[in-house]
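Student: Please see the structure below; I have some questions.
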Amino acid sequence: MARKIDWRQIPWEDVNDQVSRKVIMGDRMMMVMYRFQAGLTWPEERHKAEQGGYVLKGKIEAHSGEDTFMLGPGDSYFIESNVPHYTHFVEETILLDIFSPPRKELMEKGRGFAPSATQK
């Protein structure tokens, strides 16, 4: 089955006071539109899922190992399975993350939302 997704019609879900999201999940892929507040640092993580993303608005500093990338609107990224990475959101940012397979732990209440994320 194929379907059109109108992100404007999906309401934002507040994860906490610094992160909101919109989620579409299938059997083998998950898309999450995130809105992050400026100054937030998402702690280092690694996961089985491959992760790709596209920055719609804002500016982020993405870190993986010795590499640091500054990303803004129109930029994309790809993170292979089990590669450690973390992100600092320089400005309020809206991005689309795509995970395969889906990271179902992100949907569990009280888990998966980087409880150690820090505001600078």
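Residues are referred to by chain and number: the chain letter is A, B, ... according to the order shown in the structure tokens, the number counts from 1 in that chain, and ligands are numbered separately from 1 in the order shown.
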Report as a count of residues only all protein, DNA and RNA residues lying within 12 Å of A:Val32, evaluated on only C-alpha atoms, omitting residues in the same chain fewer than 4 positions from it.

Tutor: 29

Student: Need the shell around stretch 39-47 of chain A: protein/DNA/RNA residues with any atom at most 12 Å away, counting only C-alpha atoms. Skip same-chain ones fewer than 2 positions apart. Format as a ChimeraX atom specification?

Tutor: /A:16-19,35-37,49-51,58-65,79-93,99-106,112-120

Student: May I have all residues of stretch 9-100 of chain A that DSSP, computed from the backbone, assigns to strand (DSSP E or B), given as a tab-separated table (two decimals) with N, CA and C atoms, in the first residue's frame?

Tutor:
chain	number	residue	atom	x	y	z
A	13	GLU	N	3.46	16.14	19.07
A	13	GLU	CA	3.39	15.48	20.37
A	13	GLU	C	4.56	15.99	21.20
A	14	ASP	N	4.29	16.56	22.36
A	14	ASP	CA	5.36	17.01	23.24
A	14	ASP	C	5.98	15.82	23.95
A	19	VAL	N	11.54	18.99	23.40
A	19	VAL	CA	11.44	18.15	22.20
A	19	VAL	C	9.98	17.85	21.89
A	20	SER	N	9.60	18.04	20.62
A	20	SER	CA	8.29	17.64	20.12
A	20	SER	C	8.51	16.76	18.90
A	21	ARG	N	7.51	15.97	18.53
A	21	ARG	CA	7.68	15.07	17.39
A	21	ARG	C	6.35	14.74	16.72
A	22	LYS	N	6.46	14.23	15.49
A	22	LYS	CA	5.37	13.63	14.73
A	22	LYS	C	5.93	12.31	14.20
A	23	VAL	N	5.18	11.21	14.30
A	23	VAL	CA	5.73	9.89	13.98
A	23	VAL	C	4.85	9.15	12.97
A	24	ILE	N	5.51	8.54	11.99
A	24	ILE	CA	4.89	7.59	11.07
A	24	ILE	C	5.73	6.32	11.17
A	25	MET	N	5.09	5.15	11.42
A	25	MET	CA	5.85	3.92	11.57
A	25	MET	C	5.22	2.80	10.76
A	30	MET	N	10.67	3.83	9.95
A	30	MET	CA	10.03	4.80	10.85
A	30	MET	C	10.49	6.19	10.45
A	31	MET	N	9.56	7.14	10.34
A	31	MET	CA	9.90	8.53	10.08
A	31	MET	C	9.44	9.36	11.28
A	32	VAL	N	10.34	10.20	11.76
A	32	VAL	CA	10.01	11.06	12.89
A	32	VAL	C	10.39	12.49	12.53
A	33	MET	N	9.42	13.39	12.53
A	33	MET	CA	9.71	14.80	12.40
A	33	MET	C	9.89	15.33	13.81
A	34	TYR	N	11.06	15.85	14.10
A	34	TYR	CA	11.39	16.36	15.43
A	34	TYR	C	11.49	17.88	15.41
A	35	ARG	N	11.12	18.48	16.53
A	35	ARG	CA	11.37	19.90	16.78
A	35	ARG	C	12.15	19.98	18.09
A	36	PHE	N	13.39	20.50	18.02
A	36	PHE	CA	14.28	20.61	19.17
A	36	PHE	C	14.49	22.08	19.51
A	40	LEU	N	19.87	22.60	23.16
A	40	LEU	CA	19.76	21.22	23.64
A	40	LEU	C	20.91	20.39	23.09
A	41	THR	N	21.49	19.54	23.93
A	41	THR	CA	22.47	18.55	23.47
A	41	THR	C	21.90	17.17	23.71
A	42	TRP	N	21.71	16.42	22.63
A	42	TRP	CA	21.23	15.04	22.70
A	42	TRP	C	22.44	14.17	22.98
A	43	PRO	N	22.43	13.37	24.04
A	43	PRO	CA	23.64	12.63	24.44
A	43	PRO	C	24.04	11.55	23.44
A	44	GLU	N	25.28	11.11	23.56
A	44	GLU	CA	25.76	10.07	22.66
A	44	GLU	C	24.89	8.82	22.78
A	45	GLU	N	24.61	8.24	21.64
A	45	GLU	CA	23.84	7.00	21.58
A	45	GLU	C	24.33	6.17	20.41
A	50	GLU	N	19.75	1.83	11.13
A	50	GLU	CA	20.40	2.86	10.34
A	50	GLU	C	19.53	4.11	10.45
A	51	GLN	N	20.17	5.27	10.38
A	51	GLN	CA	19.45	6.52	10.57
A	51	GLN	C	19.88	7.52	9.50
A	52	GLY	N	18.89	8.10	8.86
A	52	GLY	CA	19.14	9.17	7.90
A	52	GLY	C	18.26	10.34	8.28
A	53	GLY	N	18.66	11.52	7.90
A	53	GLY	CA	17.85	12.67	8.24
A	53	GLY	C	18.03	13.82	7.30
A	54	TYR	N	17.11	14.77	7.40
A	54	TYR	CA	17.09	15.96	6.56
A	54	TYR	C	16.70	17.15	7.44
A	55	VAL	N	17.53	18.18	7.44
A	55	VAL	CA	17.27	19.36	8.26
A	55	VAL	C	16.36	20.30	7.48
A	56	LEU	N	15.20	20.61	8.07
A	56	LEU	CA	14.23	21.52	7.46
A	56	LEU	C	14.43	22.96	7.90
A	57	LYS	N	14.79	23.13	9.17
A	57	LYS	CA	14.94	24.47	9.75
A	57	LYS	C	15.97	24.38	10.87
A	60	ILE	N	22.40	22.53	13.35
A	60	ILE	CA	22.86	21.53	14.30
A	60	ILE	C	24.34	21.25	14.11
A	61	GLU	N	24.94	20.80	15.21
A	61	GLU	CA	26.32	20.35	15.22
A	61	GLU	C	26.26	18.86	15.53
A	62	ALA	N	26.56	18.04	14.52
A	62	ALA	CA	26.47	16.58	14.67
A	62	ALA	C	27.87	16.01	14.88
A	63	HIS	N	28.00	15.09	15.84
A	63	HIS	CA	29.29	14.50	16.20
A	63	HIS	C	29.23	12.98	16.06
A	64	SER	N	30.29	12.42	15.50
A	64	SER	CA	30.44	10.97	15.43
A	64	SER	C	31.93	10.67	15.44
A	67	ASP	N	34.69	13.09	14.04
A	67	ASP	CA	34.08	13.96	13.04
A	67	ASP	C	33.00	14.86	13.63
A	68	THR	N	32.98	16.11	13.18
A	68	THR	CA	31.94	17.07	13.55
A	68	THR	C	31.43	17.71	12.27
A	69	PHE	N	30.11	17.79	12.13
A	69	PHE	CA	29.49	18.36	10.95
A	69	PHE	C	28.52	19.45	11.38
A	70	MET	N	28.57	20.60	10.73
A	70	MET	CA	27.56	21.64	10.91
A	70	MET	C	26.53	21.45	9.81
A	71	LEU	N	25.27	21.34	10.19
A	71	LEU	CA	24.20	21.09	9.23
A	71	LEU	C	23.12	22.15	9.37
A	76	SER	N	21.60	16.88	4.73
A	76	SER	CA	21.20	15.55	5.18
A	76	SER	C	22.37	14.85	5.85
A	77	TYR	N	22.06	13.75	6.52
A	77	TYR	CA	23.08	12.93	7.17
A	77	TYR	C	22.65	11.48	7.12
A	78	PHE	N	23.63	10.58	7.23
A	78	PHE	CA	23.37	9.14	7.27
A	78	PHE	C	24.28	8.54	8.32
A	79	ILE	N	23.71	7.75	9.21
A	79	ILE	CA	24.46	7.11	10.29
A	79	ILE	C	24.26	5.60	10.18
A	85	HIS	N	26.99	8.44	18.17
A	85	HIS	CA	26.81	9.81	17.68
A	85	HIS	C	26.05	10.63	18.70
A	86	TYR	N	26.24	11.95	18.64
A	86	TYR	CA	25.45	12.86	19.47
A	86	TYR	C	25.30	14.18	18.73
A	87	THR	N	24.35	15.00	19.17
A	87	THR	CA	23.99	16.21	18.44
A	87	THR	C	23.76	17.37	19.39
A	88	HIS	N	24.24	18.55	18.98
A	88	HIS	CA	23.94	19.79	19.69
A	88	HIS	C	23.11	20.67	18.75
A	89	PHE	N	22.00	21.17	19.26
A	89	PHE	CA	21.10	21.99	18.45
A	89	PHE	C	21.41	23.46	18.72
A	93	THR	N	15.42	23.75	15.90
A	93	THR	CA	15.61	22.92	14.71
A	93	THR	C	14.40	22.03	14.47
A	94	ILE	N	14.02	21.93	13.20
A	94	ILE	CA	13.04	20.93	12.77
A	94	ILE	C	13.76	20.05	11.76
A	95	LEU	N	13.73	18.74	12.01
A	95	LEU	CA	14.36	17.80	11.09
A	95	LEU	C	13.51	16.55	10.95
A	96	LEU	N	13.74	15.85	9.87
A	96	LEU	CA	13.06	14.58	9.63
A	96	LEU	C	14.09	13.47	9.76
A	97	ASP	N	13.89	12.58	10.74
A	97	ASP	CA	14.74	11.40	10.93
A	97	ASP	C	14.04	10.19	10.34
A	98	ILE	N	14.81	9.32	9.72
A	98	ILE	CA	14.28	8.07	9.17
A	98	ILE	C	15.13	6.94	9.74
A	99	PHE	N	14.45	5.95	10.32
A	99	PHE	CA	15.12	4.82	10.94
A	99	PHE	C	14.66	3.52	10.27
A	100	SER	N	15.62	2.61	10.04
A	100	SER	CA	15.29	1.29	9.55
A	100	SER	C	16.25	0.29	10.18

Student: Report, in Å to a single decimal, how far apart atom CA of A:Arg28 and atom CA of A:Arg3 are.

Tutor: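 Computing the Euclidean distance for atom CA of A:Arg3 and atom CA of A:Arg28 yields 15.6 Å.
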